[in-house]
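Enquirer: Here it is: the structure, laid out below.
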Amino acid sequence: TQVILNNTEQAKKAFSKALELTTNDATIYYNYGNLLLDLKEYKTAINYYEESIKTDKTLALAYFNLGIAHSKLNHFNDALKAYDNFLTINHDDSEAYYHKGTLLYENDMHEIAIENYYKVIELNPNHSAAMVNLAISLDKTGKSNESLEAYEKAISIRPEDSTLLDNCGNTYLSMKNYDKALEFFNKANKLNPLDAYPYYNRACTYARMNDAQK
């Protein structure tokens with residue numbers, strides 16, 4: 001709205017004035033970058049994060065948010081480097097491993113993504129988003145049993161998530177465990193009767209059961 005727009009412009013002007021008066025405060029560059037990141041002005045945000053890092057190479061969060069900005073622009077190598085630089089300073093940050101894992105996951109680098117998701121879960125066992133992506137990556141790399149373990153842990157954290165149940169059913173389907181597949185598709189249907197995909201996957205399961213009996 002207009003009020004938010006006015007506040008944003010005022011914030012930009014105030015940041016610019018602060019940087020006119022001092023050019024050696026990494027925090028000002030960093031926070032200006034954060035404002036621009038929130039505004040989805042990713043290219044300009046990158047410039048301010050880089051200035052922040054030039055001023056203070058130990059400001060870990062500048063690397064982290066630089067990684068996010070680069071990933072939004074599909075700058076894979078730059079994003080990966082930024083996350084790695086952050087993790088050099090903060091070795092045990094689960095969110096950094098999650099973002100790095102997701103960057104790899106989105107670029108079909110599932111084997112390396114798996115390593116990062118396992119690290120997330122080691123640091124934060126209830127990180128359900130990491131557990132879900134771990135399950136998908138394991139499934140894509142042919143590790144069906146490990147994938148099912150990850151799905152079931154994720155479901156224990158998010159039992160009302162019908163998509164998780166549907167995905168788990170699909171893994172059972174790929175293993176030709178039709179009874180378990182139907183069990184999970186039925187659970188997904190009960191939770192979300194308006195989602196077409198569990199019905200479709202049930203249909204596929206019954207069709208495959210027919211083929212297997214021929």
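Chain lettering (A, B, ...) mirrors the order of the structure tokens, residue numbering begins at 1 for each chain separately, and ligand numbering begins at 1 in order of display.
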Identify, on the basis of only C-alpha atoms, every residue whose closest approach to Met175 (chain A) does not exceed 8 Å; exclude the query and any residue fewer than 3 positions from it along the same chain; express the result as a ChimeraX atom specification.
Expert: /A:144,171-172
Enquirer: Output the selection as an mmCIF file, in the first residue's frame - all heavy atoms for each residue.
Expert:
data_model
loop_
_atom_site.group_PDB
_atom_site.id
_atom_site.type_symbol
_atom_site.label_atom_id
_atom_site.label_comp_id
_atom_site.auth_asym_id
_atom_site.auth_seq_id
_atom_site.Cartn_x
_atom_site.Cartn_y
_atom_site.Cartn_z
ATOM 1 N N SER A 144 15.248 -46.391 -1.904
ATOM 2 C CA SER A 144 13.830 -46.378 -1.542
ATOM 3 C C SER A 144 13.593 -46.638 -0.059
ATOM 4 O O SER A 144 12.731 -45.993 0.557
ATOM 5 C CB SER A 144 13.072 -47.413 -2.375
ATOM 6 O OG SER A 144 13.149 -47.096 -3.740
ATOM 7 N N THR A 171 6.306 -43.788 -3.284
ATOM 8 C CA THR A 171 7.535 -44.564 -3.085
ATOM 9 C C THR A 171 7.206 -46.039 -2.907
ATOM 10 O O THR A 171 7.864 -46.915 -3.488
ATOM 11 C CB THR A 171 8.325 -44.027 -1.878
ATOM 12 O OG1 THR A 171 8.635 -42.642 -2.105
ATOM 13 C CG2 THR A 171 9.629 -44.787 -1.685
ATOM 14 N N TYR A 172 6.171 -46.321 -2.108
ATOM 15 C CA TYR A 172 5.734 -47.725 -1.971
ATOM 16 C C TYR A 172 5.288 -48.292 -3.327
ATOM 17 O O TYR A 172 5.564 -49.457 -3.653
ATOM 18 C CB TYR A 172 4.597 -47.837 -0.962
ATOM 19 C CG TYR A 172 5.054 -47.911 0.472
ATOM 20 C CD1 TYR A 172 4.727 -46.913 1.387
ATOM 21 C CD2 TYR A 172 5.804 -49.003 0.923
ATOM 22 C CE1 TYR A 172 5.151 -46.989 2.710
ATOM 23 C CE2 TYR A 172 6.222 -49.089 2.238
ATOM 24 C CZ TYR A 172 5.892 -48.084 3.133
ATOM 25 O OH TYR A 172 6.312 -48.166 4.435
#
Enquirer: Could you produce a table of the residues of region 151-183 of chain A lying within 7 Å of region 190-199 of chain A, with the nearest pair of atoms per residue and their separation in Å rounded to one decimal, using only C-alpha atoms, ordered by chain and increasing residue number, as CSV?
Expert:
residue,atom,partner,partner_atom,distance
A:Glu160,CA,A:Leu191,CA,6.8
A:Ser162,CA,A:Leu191,CA,5.9
A:Asp166,CA,A:Pro198,CA,5.9
Enquirer: Store the residues picked out above in a file with N, CA, C and O atoms, as a CSV table (one decimal), in the first residue's frame.
Expert:
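Output contents, as saved in out.csv:
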chain,number,residue,atom,x,y,z
A,160,GLU,N,-0.7,-34.1,9.4
A,160,GLU,CA,-1.8,-33.6,8.6
A,160,GLU,C,-1.5,-33.2,7.2
A,160,GLU,O,-2.3,-32.5,6.5
A,162,SER,N,-1.2,-34.0,3.6
A,162,SER,CA,-1.6,-35.0,2.7
A,162,SER,C,-0.6,-35.2,1.6
A,162,SER,O,-0.5,-36.3,1.1
A,166,ASP,N,0.9,-38.8,0.2
A,166,ASP,CA,0.8,-39.1,-1.2
A,166,ASP,C,2.2,-39.5,-1.7
A,166,ASP,O,2.4,-40.5,-2.4
Enquirer: Counting only C-alpha atoms, what is within 9 Å of Glu95 (chain A), bar same-chain residues fewer than 4 positions away, as number ranges by chain?
Expert: A: 99-100, 120
Enquirer: Leaving out region 29-36 of chain A and any residue of its chain fewer than 3 positions from it, which residues lie within 8 Å of it when counting only C-alpha atoms, given as a list in words?
Expert: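 Contacts, in chain order: Lys12, Phe15, Leu19, Asp25, Ala26, Leu39, Lys40, Glu41, Tyr42, Thr44, Ala45, Ile46, Asn47, Tyr48, Tyr49, Glu51, Ser52, Ala62 and Asn65 of chain A.
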Enquirer: For a quick check of understanding, using only C-alpha atoms, which of A:Ser16, A:Thr102, A:Thr8, A:Asn177 has the smallest distance to Asp38 (chain A)?
Expert: A:Thr8
Enquirer: For region 200-203 of chain A, please output as a list in words all residues within 8 Å (counting only C-alpha atoms; exclusion window: fewer than 6 positions along the same chain).
Expert: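 Within the cut-off, the hits are Asn170, Ala181, Leu182, Phe185 and Asn186 of chain A.
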Enquirer: How about saving the chosen residues, N, CA, C and O atoms kept, as a compact mmCIF listing (two decimals), in the first residue's frame?
Expert:
# COMPACT_ATOMS: atom_id res chain seq x y z
N ASN A 170 3.64 -43.04 -3.20
CA ASN A 170 4.29 -43.20 -4.49
C ASN A 170 5.59 -43.99 -4.39
O ASN A 170 5.95 -44.75 -5.30
N ALA A 181 1.04 -48.79 -0.55
CA ALA A 181 0.77 -47.61 -1.38
C ALA A 181 -0.68 -47.17 -1.22
O ALA A 181 -0.96 -45.99 -0.98
N LEU A 182 -1.59 -48.12 -1.32
CA LEU A 182 -3.02 -47.78 -1.18
C LEU A 182 -3.33 -47.24 0.21
O LEU A 182 -4.14 -46.32 0.36
N PHE A 185 -2.26 -43.61 0.11
CA PHE A 185 -3.13 -42.80 -0.77
C PHE A 185 -4.50 -42.60 -0.12
O PHE A 185 -5.08 -41.51 -0.20
N ASN A 186 -5.02 -43.64 0.54
CA ASN A 186 -6.31 -43.51 1.23
C ASN A 186 -6.23 -42.49 2.37
O ASN A 186 -7.16 -41.69 2.56
Enquirer: If DSSP is run on the backbone, what residues of region 38-144 of chain A are alpha helix (DSSP H)? A reply as a count of residues only would be ideal.
Expert: 83
